[in-house]
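Dropping protein.csv in here (CSV, C-alpha atoms):
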chain,number,residue,atom,x,y,z
P,441,MET,CA,97.5,90.3,-50.2
P,442,GLY,CA,95.9,88.4,-47.4
P,443,VAL,CA,96.6,85.3,-49.3
P,444,ALA,CA,100.3,86.3,-49.6
P,445,VAL,CA,100.7,86.8,-45.9
P,446,ILE,CA,98.9,83.6,-45.0
P,447,SER,CA,100.7,81.4,-47.5
P,448,GLY,CA,104.0,83.1,-46.6
P,449,ALA,CA,103.4,81.9,-43.1
P,450,THR,CA,102.6,78.5,-44.5
P,451,VAL,CA,105.9,78.4,-46.3
P,452,LEU,CA,107.7,79.3,-43.1
P,453,ALA,CA,105.8,76.7,-41.2
P,454,THR,CA,106.6,74.0,-43.7
P,455,GLU,CA,110.3,75.0,-43.7
P,456,ALA,CA,110.4,74.8,-39.9
P,457,GLU,CA,108.7,71.4,-40.1
P,458,ALA,CA,111.1,70.3,-42.7
P,459,GLY,CA,113.9,70.9,-40.2
P,460,THR,CA,115.5,73.9,-42.0
P,461,THR,CA,116.7,76.7,-39.9
P,462,ASN,CA,114.3,79.3,-38.5
P,463,PHE,CA,115.6,82.7,-39.6
P,464,LEU,CA,114.8,84.3,-36.3
P,465,VAL,CA,117.2,82.1,-34.4
P,466,PRO,CA,120.8,83.4,-34.5
P,467,ASN,CA,123.6,81.2,-35.7
P,468,GLY,CA,127.3,81.4,-36.0
P,469,THR,CA,126.9,84.6,-38.2
P,470,PHE,CA,126.5,86.4,-34.9
P,471,PHE,CA,130.1,86.1,-33.9
P,472,PHE,CA,131.5,87.1,-37.3
P,473,ILE,CA,129.3,90.1,-37.4
P,474,LEU,CA,130.4,91.0,-33.9
P,475,ALA,CA,134.0,90.6,-34.9
P,476,ILE,CA,133.5,92.8,-38.0
P,477,PHE,CA,131.8,95.5,-36.0
P,478,LEU,CA,134.4,95.5,-33.3
P,479,ILE,CA,137.1,96.1,-35.9
P,480,VAL,CA,135.0,98.9,-37.4
P,481,PHE,CA,134.5,100.3,-33.9
P,482,GLY,CA,138.2,100.1,-33.1
P,483,VAL,CA,139.2,101.9,-36.3
P,484,ILE,CA,136.5,104.6,-35.9
P,485,ALA,CA,137.4,105.2,-32.3
P,486,LYS,CA,141.1,105.5,-33.1
P,487,PHE,CA,141.1,107.0,-36.6
P,488,VAL,CA,137.9,109.0,-36.7
P,489,VAL,CA,136.5,110.1,-33.4
P,490,GLN,CA,139.9,111.0,-31.8
P,491,PRO,CA,141.2,113.1,-34.7
P,492,VAL,CA,137.8,114.7,-35.2
P,493,GLN,CA,137.5,115.6,-31.6
P,494,LYS,CA,141.1,117.0,-31.7
P,495,VAL,CA,140.1,119.0,-34.8
P,496,LEU,CA,137.0,120.3,-33.1
P,497,ASP,CA,139.0,121.2,-29.9
P,498,GLU,CA,141.7,122.8,-32.0
P,499,ARG,CA,139.1,124.8,-34.0
P,500,ASP,CA,137.4,125.9,-30.8
P,501,ARG,CA,140.8,127.0,-29.5
P,502,LEU,CA,141.5,128.9,-32.8
P,503,VAL,CA,138.1,130.6,-32.6
P,504,ALA,CA,138.7,131.6,-29.0
P,505,GLN,CA,142.2,132.7,-29.9
P,506,THR,CA,140.8,134.8,-32.8
P,507,THR,CA,138.2,136.3,-30.6
P,508,LEU,CA,140.8,137.2,-28.0
P,509,ASP,CA,143.1,138.6,-30.8
P,510,ASN,CA,140.2,140.7,-32.1
P,511,ARG,CA,139.5,142.1,-28.7
P,512,ARG,CA,143.1,142.8,-28.1
P,513,ALA,CA,143.4,144.4,-31.5
P,514,ALA,CA,140.4,146.5,-30.8
P,515,GLU,CA,141.8,147.6,-27.5
P,516,GLN,CA,145.1,148.5,-29.1
P,517,ASP,CA,143.3,150.3,-31.8
P,518,ALA,CA,141.3,152.3,-29.3
P,519,ALA,CA,144.5,153.1,-27.3
P,520,ALA,CA,146.3,154.2,-30.5
P,521,GLU,CA,143.3,156.3,-31.4
P,522,SER,CA,143.3,158.1,-28.0
P,523,GLU,CA,147.0,158.5,-28.0
P,524,PHE,CA,146.8,159.9,-31.5
P,525,LYS,CA,144.1,162.4,-30.4
P,526,GLN,CA,146.2,163.4,-27.4
P,527,GLU,CA,149.3,163.8,-29.5
P,528,LEU,CA,147.2,165.8,-32.0
P,529,THR,CA,145.9,168.1,-29.2
P,530,SER,CA,149.3,168.7,-27.7
P,531,ALA,CA,150.8,169.3,-31.2
P,532,ARG,CA,148.0,171.8,-31.9
P,533,THR,CA,148.7,173.6,-28.6
P,534,GLN,CA,152.4,173.6,-29.3
P,535,ALA,CA,151.8,174.9,-32.8
P,536,GLY,CA,149.6,177.6,-31.5
P,537,GLY,CA,152.3,178.6,-29.0
P,538,ILE,CA,155.0,178.6,-31.7
P,539,ARG,CA,152.7,180.7,-33.9
P,540,ASP,CA,152.1,183.2,-31.1
P,541,GLN,CA,155.8,183.4,-30.3
P,542,ALA,CA,156.7,183.9,-34.0
P,543,ARG,CA,154.0,186.6,-34.3
P,544,ALA,CA,155.4,188.3,-31.2
P,545,GLU,CA,159.0,188.1,-32.5
P,546,GLY,CA,157.9,189.4,-35.8
P,547,ARG,CA,156.1,192.3,-34.2
P,548,GLN,CA,159.2,193.0,-32.1
P,549,VAL,CA,161.5,193.0,-35.1
P,550,ALA,CA,159.1,195.2,-37.0
P,551,ASP,CA,158.9,197.5,-34.1
P,552,GLU,CA,162.7,197.7,-33.9
P,553,PHE,CA,163.0,198.5,-37.5
P,554,ARG,CA,160.3,201.0,-37.3
P,555,ALA,CA,162.0,202.7,-34.4
P,556,ALA,CA,165.3,202.7,-36.2
P,557,ALA,CA,163.7,204.1,-39.3
P,558,ASN,CA,161.9,206.7,-37.3
P,559,GLU,CA,165.2,207.6,-35.6
P,560,LYS,CA,166.8,207.9,-39.0
P,561,VAL,CA,164.0,210.0,-40.3
P,562,ALA,CA,164.3,212.3,-37.3
P,563,GLU,CA,168.0,212.5,-37.7
P,564,LYS,CA,167.7,213.4,-41.4
P,565,LEU,CA,165.0,216.0,-40.6
P,566,ARG,CA,167.2,217.4,-37.9
P,567,GLN,CA,170.2,217.5,-40.3
P,568,ALA,CA,168.2,219.0,-43.1
P,569,SER,CA,166.7,221.7,-40.9
P,570,GLU,CA,170.2,222.4,-39.5
P,571,SER,CA,171.7,222.7,-42.9
P,572,LEU,CA,168.9,224.8,-44.0
P,573,LYS,CA,169.4,227.0,-40.9
P,574,VAL,CA,173.1,227.3,-41.6
P,575,GLU,CA,172.4,228.1,-45.2
P,576,GLY,CA,169.7,230.6,-44.2
P,577,ASP,CA,172.0,232.1,-41.6
P,578,GLY,CA,174.7,232.3,-44.3
P,579,LEU,CA,172.5,234.0,-46.8
P,580,ALA,CA,170.8,236.3,-44.3
P,581,PRO,CA,173.6,239.0,-44.1
P,582,THR,CA,173.9,239.1,-47.9
P,583,LEU,CA,170.3,239.4,-48.3
P,584,ASN,CA,170.0,241.9,-45.5
P,585,ALA,CA,172.7,244.0,-47.2
P,586,SER,CA,170.9,243.9,-50.5
P,587,VAL,CA,167.6,244.8,-48.8
P,588,GLU,CA,168.6,248.5,-48.4
P,589,ASN,CA,169.4,249.0,-52.1
P,590,LEU,CA,166.4,247.1,-53.2
P,591,SER,CA,164.0,249.1,-50.9
P,592,LEU,CA,165.6,252.3,-52.0
P,593,THR,CA,165.2,251.4,-55.6
P,594,LEU,CA,161.7,250.4,-55.0
P,595,ALA,CA,160.9,253.6,-53.1
P,596,ASN,CA,162.5,255.7,-55.8
P,597,ARG,CA,160.4,254.0,-58.5
P,598,ILE,CA,157.3,254.7,-56.6
P,599,ILE,CA,157.9,258.3,-56.1
P,600,GLY,CA,159.6,258.6,-59.5
P,601,VAL,CA,162.9,259.9,-58.3
P,602,ASP,CA,165.9,258.6,-59.9
P,603,GLY,CA,168.0,258.1,-57.0
P,604,GLY,CA,171.5,258.7,-58.2
P,605,ARG,CA,171.2,256.6,-61.4
S,990,MET,CA,94.5,77.3,-53.2
S,991,VAL,CA,97.7,75.8,-54.6
S,992,SER,CA,97.5,77.8,-57.8
S,993,ALA,CA,96.9,81.0,-55.8
S,994,VAL,CA,99.8,80.3,-53.6
S,995,LEU,CA,102.3,79.6,-56.4
S,996,PRO,CA,103.4,83.2,-57.2
S,997,VAL,CA,103.5,84.0,-53.6
S,998,THR,CA,105.9,81.3,-52.7
S,999,SER,CA,108.4,82.9,-54.9
S,1000,ILE,CA,109.0,85.4,-52.1
S,1001,GLU,CA,111.6,83.8,-50.0
S,1002,VAL,CA,111.8,85.5,-46.7
S,1003,GLY,CA,114.7,85.0,-44.4
S,1004,HIS,CA,116.4,82.7,-46.8
S,1005,HIS,CA,120.2,82.8,-46.6
S,1006,THR,CA,123.0,81.1,-48.3
S,1007,THR,CA,124.9,79.3,-45.6
S,1008,ALA,CA,128.3,77.7,-45.1
S,1009,ASN,CA,130.0,75.9,-42.3
S,1010,TRP,CA,132.9,77.9,-40.8
S,1011,LEU,CA,134.7,77.0,-37.6
S,1012,GLY,CA,132.0,74.5,-36.8
S,1013,MET,CA,129.2,77.0,-37.0
S,1014,THR,CA,126.5,77.6,-39.6
S,1015,VAL,CA,127.0,81.1,-41.0
S,1016,ASN,CA,124.9,83.1,-43.4
S,1017,THR,CA,127.5,84.0,-46.0
S,1018,ASP,CA,125.3,86.5,-47.8
S,1019,THR,CA,124.9,88.5,-44.6
S,1020,ILE,CA,128.6,88.3,-43.9
S,1021,TYR,CA,129.4,89.4,-47.4
S,1022,ALA,CA,127.1,92.4,-47.2
S,1023,THR,CA,128.4,93.2,-43.8
S,1024,LEU,CA,132.0,93.1,-45.0
S,1025,VAL,CA,131.0,95.5,-47.9
S,1026,ALA,CA,129.4,97.9,-45.4
S,1027,ALA,CA,132.5,97.6,-43.1
S,1028,ALA,CA,134.8,98.2,-46.0
S,1029,VAL,CA,132.9,101.3,-47.1
S,1030,THR,CA,133.0,102.6,-43.5
S,1031,LEU,CA,136.7,101.8,-43.1
S,1032,VAL,CA,137.5,103.5,-46.4
S,1033,LEU,CA,135.7,106.6,-45.2
S,1034,ALA,CA,137.6,106.4,-41.9
S,1035,PHE,CA,141.0,106.0,-43.6
S,1036,ILE,CA,140.3,108.9,-46.0
S,1037,LEU,CA,139.5,111.1,-43.0
S,1038,ARG,CA,142.7,109.8,-41.3
S,1039,ALA,CA,144.8,110.7,-44.3
S,1040,LYS,CA,143.3,114.2,-44.9
S,1041,VAL,CA,142.2,115.4,-41.5
S,1042,THR,CA,142.9,119.1,-41.0
S,1043,SER,CA,142.1,121.6,-38.4
S,1044,THR,CA,143.4,124.7,-40.1
S,1045,GLY,CA,142.8,124.1,-43.8
S,1046,VAL,CA,139.6,123.6,-45.6
S,1047,PRO,CA,138.0,120.3,-44.5
S,1048,SER,CA,137.2,117.7,-47.1
S,1049,GLY,CA,133.7,116.4,-47.7
S,1050,VAL,CA,134.6,113.2,-45.9
S,1051,GLN,CA,135.8,115.2,-42.9
S,1052,LEU,CA,132.6,117.2,-42.9
S,1053,PHE,CA,130.6,114.0,-43.0
S,1054,TRP,CA,132.5,112.6,-40.0
S,1055,GLU,CA,132.5,115.9,-38.2
S,1056,GLY,CA,128.8,116.4,-38.7
S,1057,ILE,CA,128.0,113.0,-37.2
S,1058,THR,CA,130.5,113.4,-34.4
S,1059,VAL,CA,129.3,116.8,-33.4
S,1060,GLN,CA,125.7,115.6,-33.6
S,1061,MET,CA,126.4,112.5,-31.5
S,1062,ARG,CA,128.6,114.5,-29.1
S,1063,GLY,CA,125.7,116.9,-28.5
S,1064,GLN,CA,123.4,114.0,-27.8
S,1065,VAL,CA,125.8,112.3,-25.4
S,1066,GLN,CA,126.6,115.6,-23.7
S,1067,SER,CA,123.0,116.6,-23.2
S,1068,SER,CA,121.9,113.2,-21.8
S,1069,MET,CA,124.9,112.0,-19.7
S,1070,GLY,CA,128.0,114.0,-20.2
S,1071,LEU,CA,131.1,112.9,-22.1
S,1072,SER,CA,133.2,112.1,-19.0
S,1073,LEU,CA,131.1,109.3,-17.6
S,1074,ALA,CA,131.9,106.8,-20.3
S,1075,PRO,CA,134.4,108.1,-22.8
S,1076,PHE,CA,133.9,105.1,-25.2
S,1077,VAL,CA,130.2,105.9,-25.7
S,1078,LEU,CA,130.9,108.6,-28.4
S,1079,PRO,CA,133.0,106.4,-30.7
S,1080,LEU,CA,130.6,103.5,-30.1
S,1081,VAL,CA,127.6,105.5,-31.1
S,1082,VAL,CA,129.4,107.1,-34.1
S,1083,SER,CA,130.5,103.6,-35.2
S,1084,LEU,CA,127.0,102.2,-34.8
S,1085,PHE,CA,125.3,105.0,-36.6
S,1086,VAL,CA,127.7,105.0,-39.6
S,1087,PHE,CA,127.9,101.2,-39.8
S,1088,ILE,CA,124.2,100.6,-39.7
S,1089,LEU,CA,123.6,103.5,-42.0
S,1090,VAL,CA,126.0,102.1,-44.6
S,1091,ALA,CA,124.7,98.6,-44.1
S,1092,ASN,CA,121.1,99.8,-44.7
S,1093,TRP,CA,122.0,101.9,-47.7
S,1094,ILE,CA,124.0,99.4,-49.6
S,1095,SER,CA,120.8,97.4,-50.2
S,1096,VAL,CA,119.5,100.3,-52.3
S,1097,LEU,CA,121.9,99.3,-55.1
S,1098,PRO,CA,119.9,97.3,-57.6
S,1099,LEU,CA,122.4,94.5,-57.9
S,1100,GLN,CA,120.9,91.1,-58.5
S,1101,PHE,CA,122.1,87.8,-59.7
S,1102,THR,CA,120.4,84.5,-60.7
S,1103,SER,CA,121.2,81.6,-58.5
S,1104,ALA,CA,122.0,78.1,-59.6
S,1105,GLU,CA,118.3,77.2,-58.9
S,1106,GLY,CA,117.2,79.9,-61.3
S,1107,THR,CA,115.8,82.3,-58.7
S,1108,THR,CA,116.7,86.0,-58.9
S,1109,MET,CA,118.5,87.1,-55.7
S,1110,GLU,CA,119.8,90.4,-54.4
S,1111,LEU,CA,123.6,90.6,-54.4
S,1112,LEU,CA,123.7,92.8,-51.4
S,1113,LYS,CA,121.0,92.1,-48.9
S,1114,PRO,CA,120.7,94.6,-46.1
S,1115,PRO,CA,122.6,92.9,-43.2
S,1116,ALA,CA,120.1,94.2,-40.7
S,1117,SER,CA,117.5,91.9,-42.3
S,1118,ASP,CA,119.4,89.1,-40.7
S,1119,ILE,CA,118.7,88.6,-37.0
S,1120,ASN,CA,122.4,87.9,-36.3
S,1121,PHE,CA,123.5,91.3,-37.3
S,1122,VAL,CA,121.0,93.2,-35.2
S,1123,LEU,CA,121.5,90.9,-32.2
S,1124,ALA,CA,125.2,91.2,-32.3
S,1125,LEU,CA,125.0,95.0,-32.2
S,1126,ALA,CA,122.2,95.1,-29.6
S,1127,LEU,CA,123.9,92.6,-27.3
S,1128,LEU,CA,127.2,94.4,-27.6
S,1129,VAL,CA,125.4,97.6,-26.6
S,1130,PHE,CA,123.6,95.8,-23.8
S,1131,ILE,CA,126.8,94.5,-22.4
S,1132,CYS,CA,128.6,97.8,-22.8
S,1133,TYR,CA,126.0,99.9,-21.0
S,1134,HIS,CA,125.7,97.5,-18.2
S,1135,THR,CA,129.5,97.4,-17.8
S,1136,ALA,CA,129.4,101.2,-17.6
S,1137,GLY,CA,126.6,101.0,-15.1
S,1138,PHE,CA,128.6,98.5,-12.9
S,1139,ARG,CA,131.6,100.8,-13.1
S,1140,ARG,CA,129.5,103.8,-12.0
S,1141,SER,CA,127.3,102.4,-9.3
S,1142,GLY,CA,129.3,99.4,-8.1
S,1143,ILE,CA,129.0,95.6,-8.3
S,1144,ILE,CA,126.1,95.6,-5.7
S,1145,GLY,CA,124.7,99.1,-6.1
S,1146,TYR,CA,124.1,98.8,-9.8
S,1147,PRO,CA,121.7,95.7,-9.8
S,1148,ILE,CA,119.8,97.2,-6.9
S,1149,LYS,CA,119.5,100.5,-8.8
S,1150,VAL,CA,118.4,98.8,-12.0
S,1151,ALA,CA,115.8,96.7,-10.2
S,1152,LYS,CA,114.5,99.5,-8.0
S,1153,GLY,CA,114.3,102.1,-10.7
S,1154,HIS,CA,112.4,105.1,-9.5
S,1155,VAL,CA,109.8,103.3,-7.4
S,1156,ALA,CA,110.7,100.1,-5.5
S,1157,PHE,CA,107.4,98.3,-6.0
S,1158,LEU,CA,107.8,98.4,-9.8
S,1159,ALA,CA,110.9,96.2,-9.6
S,1160,PRO,CA,109.4,93.3,-11.6
S,1161,ILE,CA,108.4,95.7,-14.4
S,1162,ASN,CA,111.9,97.3,-14.3
S,1163,LEU,CA,113.5,93.9,-14.8
S,1164,VAL,CA,111.2,93.1,-17.7
S,1165,GLU,CA,112.0,96.5,-19.2
S,1166,GLU,CA,115.7,95.7,-18.8
S,1167,ILE,CA,115.3,92.5,-20.7
S,1168,ALA,CA,113.1,94.1,-23.3
S,1169,LYS,CA,115.7,96.7,-24.1
S,1170,PRO,CA,118.1,94.6,-26.2
S,1171,ILE,CA,115.2,92.7,-27.8
S,1172,SER,CA,113.4,95.9,-28.8
S,1173,LEU,CA,116.6,97.5,-29.9
S,1174,SER,CA,117.5,94.6,-32.2
S,1175,LEU,CA,114.0,93.7,-33.4
S,1176,ARG,CA,113.1,97.3,-34.2
S,1177,LEU,CA,116.0,97.6,-36.6
S,1178,PHE,CA,115.5,94.0,-37.9
S,1179,GLY,CA,111.7,94.6,-38.5
S,1180,ASN,CA,112.1,97.8,-40.4
S,1181,ILE,CA,114.8,96.5,-42.7
S,1182,PHE,CA,113.3,93.1,-43.1
S,1183,ALA,CA,110.0,94.7,-44.0
S,1184,GLY,CA,111.9,96.6,-46.7
S,1185,VAL,CA,113.2,93.3,-48.1
S,1186,ILE,CA,109.7,91.9,-48.2
S,1187,MET,CA,108.3,95.0,-49.8
S,1188,VAL,CA,110.9,94.8,-52.6
S,1189,GLY,CA,110.0,91.1,-53.0
S,1190,LEU,CA,106.3,92.0,-53.2
S,1191,ILE,CA,106.9,94.8,-55.7
S,1192,ALA,CA,109.0,92.4,-57.8
S,1193,LEU,CA,105.8,90.3,-58.3
S,1194,LEU,CA,104.2,93.2,-60.2
S,1195,PRO,CA,104.4,93.2,-64.0
S,1196,THR,CA,107.7,94.6,-65.3
S,1197,TYR,CA,106.1,97.6,-67.1
S,1198,ILE,CA,104.8,99.1,-63.9
S,1199,MET,CA,107.2,97.6,-61.3
S,1200,TRP,CA,109.8,100.4,-61.6
S,1201,ALA,CA,107.5,103.0,-60.2
S,1202,PRO,CA,106.6,101.5,-56.8
S,1203,ASN,CA,110.2,100.2,-56.7
S,1204,ALA,CA,111.7,103.6,-57.1
S,1205,ILE,CA,109.3,105.1,-54.6
S,1206,TRP,CA,109.9,102.3,-52.1
S,1207,LYS,CA,113.7,102.4,-52.4
S,1208,THR,CA,113.7,106.1,-51.9
S,1209,PHE,CA,111.6,105.6,-48.8
S,1210,ASP,CA,113.9,102.8,-47.7
S,1211,LEU,CA,116.8,105.2,-47.7
S,1212,PHE,CA,114.9,107.4,-45.3
S,1213,VAL,CA,113.9,104.3,-43.2
S,1214,GLY,CA,117.6,103.2,-43.1
S,1215,LEU,CA,118.7,106.6,-42.0
S,1216,ILE,CA,116.1,106.9,-39.3
S,1217,GLN,CA,116.7,103.4,-38.0
S,1218,ALA,CA,120.4,104.0,-37.8
S,1219,PHE,CA,119.8,107.2,-35.9
S,1220,ILE,CA,117.3,105.7,-33.6
S,1221,PHE,CA,119.7,102.8,-32.8
S,1222,ALA,CA,122.4,105.3,-31.9
S,1223,LEU,CA,120.1,107.5,-30.0
S,1224,LEU,CA,118.7,104.6,-27.9
S,1225,THR,CA,122.2,103.5,-27.2
S,1226,ILE,CA,123.0,106.9,-25.7
S,1227,LEU,CA,119.7,106.8,-23.8
S,1228,TYR,CA,120.5,103.3,-22.3
S,1229,PHE,CA,123.9,104.4,-21.4
S,1230,SER,CA,122.6,107.5,-19.7
S,1231,GLN,CA,120.1,105.5,-17.8
S,1232,ALA,CA,122.7,103.0,-16.7
S,1233,THR,CA,125.2,105.6,-15.6
S,1234,GLU,CA,122.9,108.0,-13.8
S,1235,THR,CA,122.9,108.1,-10.0
S,1236,GLN,CA,120.1,108.7,-7.6
S,1237,ASP,CA,121.3,112.2,-6.6
S,1238,ALA,CA,121.5,113.1,-10.3
S,1239,HIS,CA,117.7,113.5,-10.3
S,1240,HIS,CA,117.7,116.3,-7.9
How does the structure come out when it is put into structure tokens?
Amino acid sequence: MGVAVISGATVLATEAEAGTTNFLVPNGTFFFILAIFLIVFGVIAKFVVQPVQKVLDERDRLVAQTTLDNRRAAEQDAAAESEFKQELTSARTQAGGIRDQARAEGRQVADEFRAAANEKVAEKLRQASESLKVEGDGLAPTLNASVENLSLTLANRIIGVDGGR
Amino acid sequence: MVSAVLPVTSIEVGHHTTANWLGMTVNTDTIYATLVAAAVTLVLAFILRAKVTSTGVPSGVQLFWEGITVQMRGQVQSSMGLSLAPFVLPLVVSLFVFILVANWISVLPLQFTSAEGTTMELLKPPASDINFVLALALLVFICYHTAGFRRSGIIGYPIKVAKGHVAFLAPINLVEEIAKPISLSLRLFGNIFAGVIMVGLIALLPTYIMWAPNAIWKTFDLFVGLIQAFIFALLTILYFSQATETQDAHH
């Protein structure tokens, strides 16, 4: 390997002595390379870095927008939730009120009917007792009249006297 | 000695096929490989351009670019802030991807036999040519100094650079300033160039065993290429942040 390095240097030295170009000295290639790179630079600046930065900015904007949307949606969700709960509570209260009212009305109706029925029952009872009384009163003289004969007959049977028969 | 040297001389380091364009000597193999790297980068860029989406599911190409942009943006933001020099981010992203692709295309085992009968790589890593790394490093050098001048003023900036944190270290600060582009370019150059030499050395092994170290080395070379591209981009950001910082920024 040592030989390789030394002899390589020898080759270079002989080349330089022979008047051939030293490869460490730049030549006209420099300007062509520079021109090629400047073209590449121009194209990349215009067609790559600009659009890519635009894309990155746009994406950042979209991400920020999405975050904002998410937050807003969460806020709306929470608001809707609380509104729903509030509505639910008021609806429950209302429903309880309506139920109570209905119960009260029902009781009232039932009471009314019960009162009416009681009245009717009382009326019927009164009528019945009246008619019974009338009938009783009607029958009483007849029965009173027959009491004499019956008691007489009974007494006669007890003492064994045939009272006129 | 000569017989011992013979197999070694078949390693040709820093040898390029050249041509004469616009009155300048150019390394055509480097330019060819650079064009391939640039084409790959541009195709990726245009695919992104055609299919970029912010609401739909991003494609793999978009994720690739996005990942790099996000990573580099984080680096720029943490070291200097994006507003000081808005062109730093595209510059750094371009540097990273371009160097990465340029380093990685050499992993493809494409070889051809030249007219002289020597086997040569079809796609040499462009960063193994000093021109490539110098072009990028000097561009960075000029750009961050421009940003520095814009930030601290025509007079204020050189004074700030020379003074650094402690005034009496001014000579060292100047040396450091000169060393920056040299180290930036030679670091990349050295790493990738070493990879080329390693491949050349491994190629000297007998064919029946050569594949094993070659596979291991090429895998490691992928890692080296990635790390070097990343370091180049990272140091670019660092130099920019050093050039654009102001005195009151320390407190």
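Between Leu1033 in chain S and the candidates P:Ile476, P:Ile484, P:Ser591, P:Leu579, the tightest atom-to-atom separation, counting all atoms listed in the file, involves P:Ile484.
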Near Ala1091 in chain S, counting only C-alpha atoms, which residues have an atom at most 7 Å away, once you skip same-chain residues fewer than 4 positions from it, shown as a PDB file with C-alpha atoms, in the frame of the given file?
ATOM      1  CA  THR S1023     128.400  93.200 -43.800  1.00  0.00           C
ATOM      2  CA  ALA S1026     129.400  97.900 -45.400  1.00  0.00           C
ATOM      3  CA  PHE S1087     127.900 101.200 -39.800  1.00  0.00           C
ATOM      4  CA  PRO S1114     120.700  94.600 -46.100  1.00  0.00           C
ATOM      5  CA  PRO S1115     122.600  92.900 -43.200  1.00  0.00           C
TER       6      PRO S1115
END
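Between CA of Ala1022 in chain S and CA of Leu1227 in chain S lies a distance of 28.5 Å.
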For this session: Please determine the contact residues of chain S with respect to chain P at a cut-off of 6 Å, counting all atoms listed in the file, and supply them as number ranges by chain.
Result: S: 997, 1003, 1013-1016, 1034, 1038, 1043, 1079, 1083, 1119-1121, 1124
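CA of Ala520 in chain P lies 25.2 Å from CA of Gly537 in chain P.
CA of Val1082 in chain S lies 14.7 Å from CA of Ala1126 in chain S.
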Exercise. When distances are computed from all atoms listed in the file, which of S:Thr1233, S:Leu1215, S:Leu1052, S:Leu1223 shows the smallest separation from Leu1078 in chain S?
Worked result: S:Leu1223
Exercise. So which one's closest to His1154 in chain S, S:Ile1220, S:Ala1008, S:Glu1234, S:Leu1089? Using all atoms listed in the file, please.
Worked result: S:Glu1234
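With all atoms listed in the file as the basis for measurement, S:Val1185 is the residue among S:Val1050, S:Leu1128, S:Val1150, S:Val1185 that approaches Met1109 in chain S most closely.
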Could you pull range 483-509 of chain P out of the structure just shown and give C-alpha atoms as a PDB file, in the first residue's frame?
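Below is the file result-v1.pdb, written as the result:
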ATOM      1  CA  VAL P 483     -35.806  25.842 -10.436  1.00  0.00           C
ATOM      2  CA  ILE P 484     -35.746  24.562  -6.866  1.00  0.00           C
ATOM      3  CA  ALA P 485     -36.345  28.007  -5.408  1.00  0.00           C
ATOM      4  CA  LYS P 486     -39.252  28.621  -7.739  1.00  0.00           C
ATOM      5  CA  PHE P 487     -40.793  25.183  -8.184  1.00  0.00           C
ATOM      6  CA  VAL P 488     -39.917  23.368  -4.979  1.00  0.00           C
ATOM      7  CA  VAL P 489     -39.246  25.508  -1.941  1.00  0.00           C
ATOM      8  CA  GLN P 490     -41.989  28.041  -2.657  1.00  0.00           C
ATOM      9  CA  PRO P 491     -44.758  25.482  -3.227  1.00  0.00           C
ATOM     10  CA  VAL P 492     -43.538  23.293  -0.394  1.00  0.00           C
ATOM     11  CA  GLN P 493     -43.552  26.230   2.003  1.00  0.00           C
ATOM     12  CA  LYS P 494     -46.994  27.173   0.764  1.00  0.00           C
ATOM     13  CA  VAL P 495     -48.123  23.602   1.351  1.00  0.00           C
ATOM     14  CA  LEU P 496     -46.606  23.585   4.836  1.00  0.00           C
ATOM     15  CA  ASP P 497     -48.222  26.900   5.707  1.00  0.00           C
ATOM     16  CA  GLU P 498     -51.516  25.735   4.275  1.00  0.00           C
ATOM     17  CA  ARG P 499     -51.286  22.519   6.261  1.00  0.00           C
ATOM     18  CA  ASP P 500     -50.468  24.446   9.441  1.00  0.00           C
ATOM     19  CA  ARG P 501     -53.462  26.630   8.746  1.00  0.00           C
ATOM     20  CA  LEU P 502     -55.661  23.579   8.220  1.00  0.00           C
ATOM     21  CA  VAL P 503     -54.392  21.998  11.418  1.00  0.00           C
ATOM     22  CA  ALA P 504     -55.037  25.209  13.353  1.00  0.00           C
ATOM     23  CA  GLN P 505     -58.438  25.508  11.706  1.00  0.00           C
ATOM     24  CA  THR P 506     -59.278  21.916  12.619  1.00  0.00           C
ATOM     25  CA  THR P 507     -58.177  22.462  16.200  1.00  0.00           C
ATOM     26  CA  LEU P 508     -60.322  25.574  16.356  1.00  0.00           C
ATOM     27  CA  ASP P 509     -63.254  23.699  14.797  1.00  0.00           C
TER      28      ASP P 509
END
